[in-house]
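> This is the structure I have questions about; it appears just below.
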Amino acid sequence: MGRVKYFFPVIGFFALALLLWRGLYLDPKELPSMLIDKPIPAFELNTVDGEPVTNTDLPGQVFLLNVWGSYCLPCLVEHPTFMRLSEEGEIPVVGVNYKDETNLAQGWLETNGNPFAFSIEDGNGRFGIDLGVYGAPETYLVDANGVIRYRHVSVLDETVWAEEFLPAIAELRAESAQ
Amino acid sequence: MNIQAVRSKAPGLMRLFGVICMLFGLLGAGALSAQVDTFEFETTEQQQRFRKLSDELRCPMCQNTNLTGSSGGVAEDLRREIHRMIMDGMTDQEIEQFMFERYGDFIFYRPRLRQETLLLWFGPLAFLAIGGFVAFSISRRARKIDEDEKALDSAQQEKLQDLLNSKG
């Protein structure tokens, strides 16, 4: 002790400054998902094309679940990334058409292209509530057993893809190869 | 226009502004109760529970309003779900658990006391304790210095006595 205690205010100041500095770069819109490491909630719905669809129709491999809507402008921003992913066959993408109207959703897919294996139609947002969705776009990374492993809120562009999804997907694929 | 003229005009403008604010406030209040009242209940107790729950749960999308005050899509859906669950006879605890499983601590304006929320609950108290301790030790030290200065050592006492004696 002795001399050391005169440094306490300085140490305290820097600790607080560091904490607040970090706080500046946290995104308050990015809420932690409660569904990480939990299976996709059970659903019995139709696709946007009117086909009945349940959990058993989901791909039996690592895939993306993308929440979108024809009214959602950021969805258009991330759309080219999903188009590329589906054209290059990098990973299957399943859509959740969240709180949309069927004809608008179909029109949107026709105009902009359809990167989805299929889109689950969640007209009243009930499936979205089970997923803990609070607005499109959101993207979930799901493993081969249908368990949610990662969630990204807002636009998934090429940067997010390369920095967040590629490493996570590599890990999941290595895991399921074992 | 001189300054005097501007000053004399200002109260009138302020009053007009006040009236406009009040009108908008009334409109807002009307819209608010309309949002709640679109649901039908069998008892007033159910309605009160609905109101209390949607007042105490936070809208996940528009983050600084509760479900009652939010017009966001997800808030609307959650209000509908609360209504459904109340009509299905679920308790408040069950409804809160439903929300927690999907949206986490964030959904509560008054988060549950859990390991993850300890800092949130007791952080301010801890800071208050630290502040109190610092303030206390500073004031104690100040008082001690004060007393030390007041007390005279024996040489000073003698001198004081001399001075008093010589005058007397």
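To be explicit about the labels: the chains of the structure tokens are called A, B, and onward in the order shown, and within each one the residues are counted from 1, while ligands get numbers from 1 in the order they are shown.
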Select, as an NGL selection string, those residues of chain B with any atom no more than 12 Å from chain A (distances computed using only C-alpha atoms).

:B and (58-64 or 72-82 or 84 or 98-107 or 127 or 130-131 or 134)

> Name the residues of chain A that come out as alpha helix (DSSP H) in a backbone DSSP run; write them as a short mmCIF file (atom, residue, chain, number, x, y, z; two decimals) with N, CA, C and O atoms, in the first residue's frame.


data_model
loop_
_atom_site.label_atom_id
_atom_site.label_comp_id
_atom_site.auth_asym_id
_atom_site.auth_seq_id
_atom_site.Cartn_x
_atom_site.Cartn_y
_atom_site.Cartn_z
N PHE A 8 -5.01 4.75 -7.34
CA PHE A 8 -6.35 4.18 -7.49
C PHE A 8 -7.28 5.03 -8.38
O PHE A 8 -7.93 4.49 -9.26
N PRO A 9 -7.33 6.34 -8.15
CA PRO A 9 -8.23 7.13 -9.02
C PRO A 9 -7.86 7.02 -10.49
O PRO A 9 -8.72 6.92 -11.35
N VAL A 10 -6.55 7.02 -10.78
CA VAL A 10 -6.09 6.94 -12.17
C VAL A 10 -6.49 5.59 -12.76
O VAL A 10 -7.04 5.50 -13.86
N ILE A 11 -6.25 4.52 -11.98
CA ILE A 11 -6.61 3.18 -12.45
C ILE A 11 -8.12 3.10 -12.66
O ILE A 11 -8.58 2.61 -13.69
N GLY A 12 -8.86 3.64 -11.69
CA GLY A 12 -10.32 3.65 -11.80
C GLY A 12 -10.78 4.38 -13.03
O GLY A 12 -11.64 3.92 -13.77
N PHE A 13 -10.13 5.53 -13.29
CA PHE A 13 -10.51 6.32 -14.46
C PHE A 13 -10.30 5.53 -15.74
O PHE A 13 -11.19 5.45 -16.59
N PHE A 14 -9.14 4.88 -15.85
CA PHE A 14 -8.87 4.16 -17.09
C PHE A 14 -9.78 2.94 -17.25
O PHE A 14 -10.20 2.62 -18.35
N ALA A 15 -10.08 2.28 -16.14
CA ALA A 15 -10.98 1.13 -16.21
C ALA A 15 -12.35 1.56 -16.72
O ALA A 15 -12.92 0.95 -17.63
N LEU A 16 -12.85 2.67 -16.17
CA LEU A 16 -14.17 3.17 -16.57
C LEU A 16 -14.14 3.64 -18.02
O LEU A 16 -15.04 3.36 -18.81
N ALA A 17 -13.04 4.34 -18.38
CA ALA A 17 -12.92 4.86 -19.75
C ALA A 17 -12.92 3.70 -20.74
O ALA A 17 -13.58 3.74 -21.77
N LEU A 18 -12.21 2.62 -20.40
CA LEU A 18 -12.14 1.45 -21.28
C LEU A 18 -13.52 0.83 -21.46
O LEU A 18 -13.94 0.50 -22.57
N LEU A 19 -14.23 0.71 -20.33
CA LEU A 19 -15.58 0.13 -20.35
C LEU A 19 -16.50 0.94 -21.25
O LEU A 19 -17.20 0.40 -22.12
N LEU A 20 -16.47 2.27 -21.05
CA LEU A 20 -17.36 3.13 -21.83
C LEU A 20 -16.94 3.19 -23.30
O LEU A 20 -17.77 3.24 -24.19
N TRP A 21 -15.64 3.16 -23.53
CA TRP A 21 -15.10 3.16 -24.89
C TRP A 21 -15.62 1.93 -25.65
O TRP A 21 -16.06 2.02 -26.79
N ARG A 22 -15.58 0.80 -24.99
CA ARG A 22 -16.08 -0.44 -25.58
C ARG A 22 -17.58 -0.31 -25.86
O ARG A 22 -18.06 -0.74 -26.90
N GLY A 23 -18.27 0.32 -24.91
CA GLY A 23 -19.71 0.49 -25.06
C GLY A 23 -20.09 1.28 -26.30
O GLY A 23 -21.13 1.07 -26.89
N LEU A 24 -19.18 2.20 -26.71
CA LEU A 24 -19.45 3.00 -27.90
C LEU A 24 -19.61 2.13 -29.13
O LEU A 24 -20.30 2.48 -30.07
N LEU A 73 -36.36 -3.23 -47.31
CA LEU A 73 -35.34 -2.70 -48.20
C LEU A 73 -33.95 -3.30 -47.95
O LEU A 73 -33.26 -3.64 -48.89
N PRO A 74 -33.53 -3.46 -46.68
CA PRO A 74 -32.22 -4.07 -46.45
C PRO A 74 -32.11 -5.48 -47.05
O PRO A 74 -31.01 -5.93 -47.38
N CYS A 75 -33.27 -6.17 -47.20
CA CYS A 75 -33.25 -7.50 -47.80
C CYS A 75 -32.74 -7.43 -49.24
O CYS A 75 -32.07 -8.35 -49.72
N LEU A 76 -33.06 -6.34 -49.92
CA LEU A 76 -32.58 -6.17 -51.30
C LEU A 76 -31.06 -5.98 -51.32
O LEU A 76 -30.39 -6.39 -52.24
N VAL A 77 -30.56 -5.33 -50.24
CA VAL A 77 -29.12 -5.08 -50.17
C VAL A 77 -28.36 -6.38 -50.01
O VAL A 77 -27.30 -6.59 -50.62
N GLU A 78 -28.89 -7.29 -49.23
CA GLU A 78 -28.17 -8.55 -49.00
C GLU A 78 -28.51 -9.60 -50.06
O GLU A 78 -27.87 -10.65 -50.13
N HIS A 79 -29.50 -9.30 -50.88
CA HIS A 79 -29.97 -10.27 -51.86
C HIS A 79 -28.88 -10.80 -52.81
O HIS A 79 -28.79 -12.01 -53.03
N PRO A 80 -28.02 -9.92 -53.35
CA PRO A 80 -26.97 -10.42 -54.25
C PRO A 80 -26.07 -11.48 -53.59
O PRO A 80 -25.63 -12.42 -54.26
N THR A 81 -25.82 -11.32 -52.29
CA THR A 81 -24.98 -12.31 -51.60
C THR A 81 -25.66 -13.67 -51.61
O THR A 81 -25.02 -14.69 -51.90
N PHE A 82 -26.94 -13.69 -51.30
CA PHE A 82 -27.65 -14.98 -51.29
C PHE A 82 -27.75 -15.57 -52.69
O PHE A 82 -27.67 -16.78 -52.86
N MET A 83 -27.92 -14.69 -53.70
CA MET A 83 -27.95 -15.17 -55.09
C MET A 83 -26.63 -15.86 -55.44
O MET A 83 -26.62 -16.93 -56.02
N ARG A 84 -25.54 -15.21 -55.06
CA ARG A 84 -24.23 -15.79 -55.36
C ARG A 84 -24.06 -17.12 -54.65
O ARG A 84 -23.63 -18.12 -55.24
N LEU A 85 -24.43 -17.16 -53.35
CA LEU A 85 -24.27 -18.39 -52.56
C LEU A 85 -25.05 -19.53 -53.20
O LEU A 85 -24.57 -20.67 -53.24
N SER A 86 -26.26 -19.23 -53.68
CA SER A 86 -27.07 -20.31 -54.22
C SER A 86 -26.57 -20.71 -55.62
O SER A 86 -26.54 -21.88 -55.96
N GLU A 87 -26.11 -19.71 -56.43
CA GLU A 87 -25.61 -20.04 -57.76
C GLU A 87 -24.34 -20.88 -57.68
O GLU A 87 -24.15 -21.81 -58.46
N THR A 102 -48.65 -13.11 -49.94
CA THR A 102 -48.17 -14.14 -50.86
C THR A 102 -47.84 -13.57 -52.24
O THR A 102 -46.74 -13.81 -52.76
N ASN A 103 -48.78 -12.80 -52.81
CA ASN A 103 -48.52 -12.33 -54.18
C ASN A 103 -47.36 -11.36 -54.25
O ASN A 103 -46.59 -11.36 -55.21
N LEU A 104 -47.22 -10.53 -53.19
CA LEU A 104 -46.09 -9.60 -53.16
C LEU A 104 -44.78 -10.36 -53.06
O LEU A 104 -43.79 -10.02 -53.71
N ALA A 105 -44.77 -11.42 -52.22
CA ALA A 105 -43.57 -12.23 -52.04
C ALA A 105 -43.19 -12.92 -53.35
O ALA A 105 -42.02 -12.91 -53.76
N GLN A 106 -44.20 -13.50 -54.01
CA GLN A 106 -43.93 -14.18 -55.28
C GLN A 106 -43.39 -13.19 -56.31
O GLN A 106 -42.42 -13.48 -57.03
N GLY A 107 -44.00 -12.00 -56.36
CA GLY A 107 -43.55 -10.97 -57.30
C GLY A 107 -42.11 -10.57 -57.03
O GLY A 107 -41.31 -10.42 -57.95
N TRP A 108 -41.79 -10.42 -55.75
CA TRP A 108 -40.44 -10.01 -55.34
C TRP A 108 -39.41 -11.04 -55.81
O TRP A 108 -38.35 -10.70 -56.34
N LEU A 109 -39.73 -12.33 -55.64
CA LEU A 109 -38.82 -13.39 -56.05
C LEU A 109 -38.66 -13.43 -57.57
O LEU A 109 -37.57 -13.67 -58.08
N GLU A 110 -39.76 -13.16 -58.29
CA GLU A 110 -39.69 -13.16 -59.75
C GLU A 110 -38.81 -12.01 -60.24
O GLU A 110 -37.99 -12.18 -61.12
N THR A 111 -39.02 -10.83 -59.64
CA THR A 111 -38.28 -9.65 -60.09
C THR A 111 -36.80 -9.75 -59.75
O THR A 111 -35.94 -9.45 -60.58
N ASN A 112 -36.52 -10.17 -58.52
CA ASN A 112 -35.13 -10.07 -58.05
C ASN A 112 -34.36 -11.38 -58.13
O ASN A 112 -33.15 -11.40 -57.95
N ARG A 126 -46.15 -15.72 -36.55
CA ARG A 126 -46.17 -16.61 -35.39
C ARG A 126 -44.89 -17.46 -35.31
O ARG A 126 -44.34 -17.65 -34.23
N PHE A 127 -44.43 -17.96 -36.46
CA PHE A 127 -43.18 -18.72 -36.49
C PHE A 127 -42.02 -17.79 -36.13
O PHE A 127 -41.09 -18.19 -35.41
N GLY A 128 -42.11 -16.55 -36.59
CA GLY A 128 -41.09 -15.56 -36.25
C GLY A 128 -40.96 -15.36 -34.75
O GLY A 128 -39.86 -15.24 -34.22
N ILE A 129 -42.09 -15.35 -34.05
CA ILE A 129 -42.05 -15.19 -32.59
C ILE A 129 -41.33 -16.37 -31.95
O ILE A 129 -40.49 -16.21 -31.06
N ASP A 130 -41.63 -17.59 -32.46
CA ASP A 130 -40.95 -18.77 -31.90
C ASP A 130 -39.45 -18.71 -32.15
O ASP A 130 -38.66 -19.22 -31.36
N LEU A 131 -39.05 -18.09 -33.25
CA LEU A 131 -37.63 -17.96 -33.56
C LEU A 131 -36.99 -16.80 -32.80
O LEU A 131 -35.77 -16.67 -32.77
N GLU A 158 -21.16 -9.30 -48.20
CA GLU A 158 -19.99 -10.17 -48.43
C GLU A 158 -18.98 -10.07 -47.27
O GLU A 158 -18.30 -11.04 -46.96
N THR A 159 -18.90 -8.90 -46.66
CA THR A 159 -17.97 -8.74 -45.53
C THR A 159 -18.41 -9.60 -44.35
O THR A 159 -17.60 -10.33 -43.77
N VAL A 160 -19.69 -9.51 -44.01
CA VAL A 160 -20.22 -10.31 -42.91
C VAL A 160 -20.07 -11.79 -43.24
O VAL A 160 -19.70 -12.60 -42.38
N LEU A 166 -18.21 -17.62 -42.83
CA LEU A 166 -17.28 -18.63 -43.34
C LEU A 166 -16.57 -19.40 -42.23
O LEU A 166 -16.57 -20.64 -42.26
N PRO A 167 -15.98 -18.71 -41.24
CA PRO A 167 -15.30 -19.48 -40.17
C PRO A 167 -16.28 -20.37 -39.40
O PRO A 167 -15.96 -21.53 -39.10
N ALA A 168 -17.48 -19.83 -39.11
CA ALA A 168 -18.46 -20.61 -38.35
C ALA A 168 -18.91 -21.84 -39.14
O ALA A 168 -19.05 -22.93 -38.57
N ILE A 169 -19.10 -21.68 -40.44
CA ILE A 169 -19.55 -22.79 -41.27
C ILE A 169 -18.45 -23.86 -41.37
O ILE A 169 -18.72 -25.06 -41.26
N ALA A 170 -17.21 -23.42 -41.54
CA ALA A 170 -16.09 -24.36 -41.62
C ALA A 170 -16.05 -25.22 -40.36
O ALA A 170 -15.86 -26.44 -40.41
N GLU A 171 -16.27 -24.58 -39.22
CA GLU A 171 -16.26 -25.28 -37.94
C GLU A 171 -17.38 -26.32 -37.87
O GLU A 171 -17.16 -27.46 -37.47
N LEU A 172 -18.58 -25.90 -38.29
CA LEU A 172 -19.73 -26.81 -38.24
C LEU A 172 -19.54 -28.00 -39.16
O LEU A 172 -19.90 -29.12 -38.82
N ARG A 173 -18.97 -27.72 -40.35
CA ARG A 173 -18.78 -28.81 -41.31
C ARG A 173 -17.75 -29.80 -40.81
O ARG A 173 -17.91 -31.01 -40.96
N ALA A 174 -16.70 -29.26 -40.18
CA ALA A 174 -15.67 -30.14 -39.62
C ALA A 174 -16.28 -31.01 -38.52
O ALA A 174 -15.99 -32.20 -38.40
N GLU A 175 -17.16 -30.38 -37.76
CA GLU A 175 -17.82 -31.06 -36.65
C GLU A 175 -18.70 -32.21 -37.15
O GLU A 175 -18.66 -33.32 -36.62
N SER A 176 -19.46 -31.96 -38.23
CA SER A 176 -20.37 -33.01 -38.70
C SER A 176 -19.63 -34.06 -39.53
O SER A 176 -20.15 -35.15 -39.75
N ALA A 177 -18.38 -33.73 -39.98
CA ALA A 177 -17.60 -34.72 -40.72
C ALA A 177 -17.02 -35.78 -39.80
O ALA A 177 -16.70 -36.89 -40.21
#

> Excluding stretch 115-123 of chain A and residues on its chain fewer than 6 positions from it, collect all residues at most 6 Å away from it, counting only C-alpha atoms, and give them as an MDAnalysis selection string.

chainID A and resid 46:48 82:83 86 93:100

> For the structure I just gave you, how does DSSP split stretch 16-177 of chain A - specifically, which residues are strand (DSSP E)? Reply as a PyMOL selection string.

chain A and resi 44-47+52-54+63-68+93-98+119-122+138-142+148-153

> Between atom CA of B:Met87 and atom CA of B:Asn66, measure the distance and give it in Å to one decimal.

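We find that atom CA of B:Met87 and atom CA of B:Asn66 lie 21.1 Å from each other.
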
> How many Å separate atom CA of A:His152 from atom CA of A:Pro59?

19.6 Å

> Atom CA of A:Leu141 and atom CA of A:Leu64 are how many Å apart?

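These atoms are spaced 4.8 Å apart.
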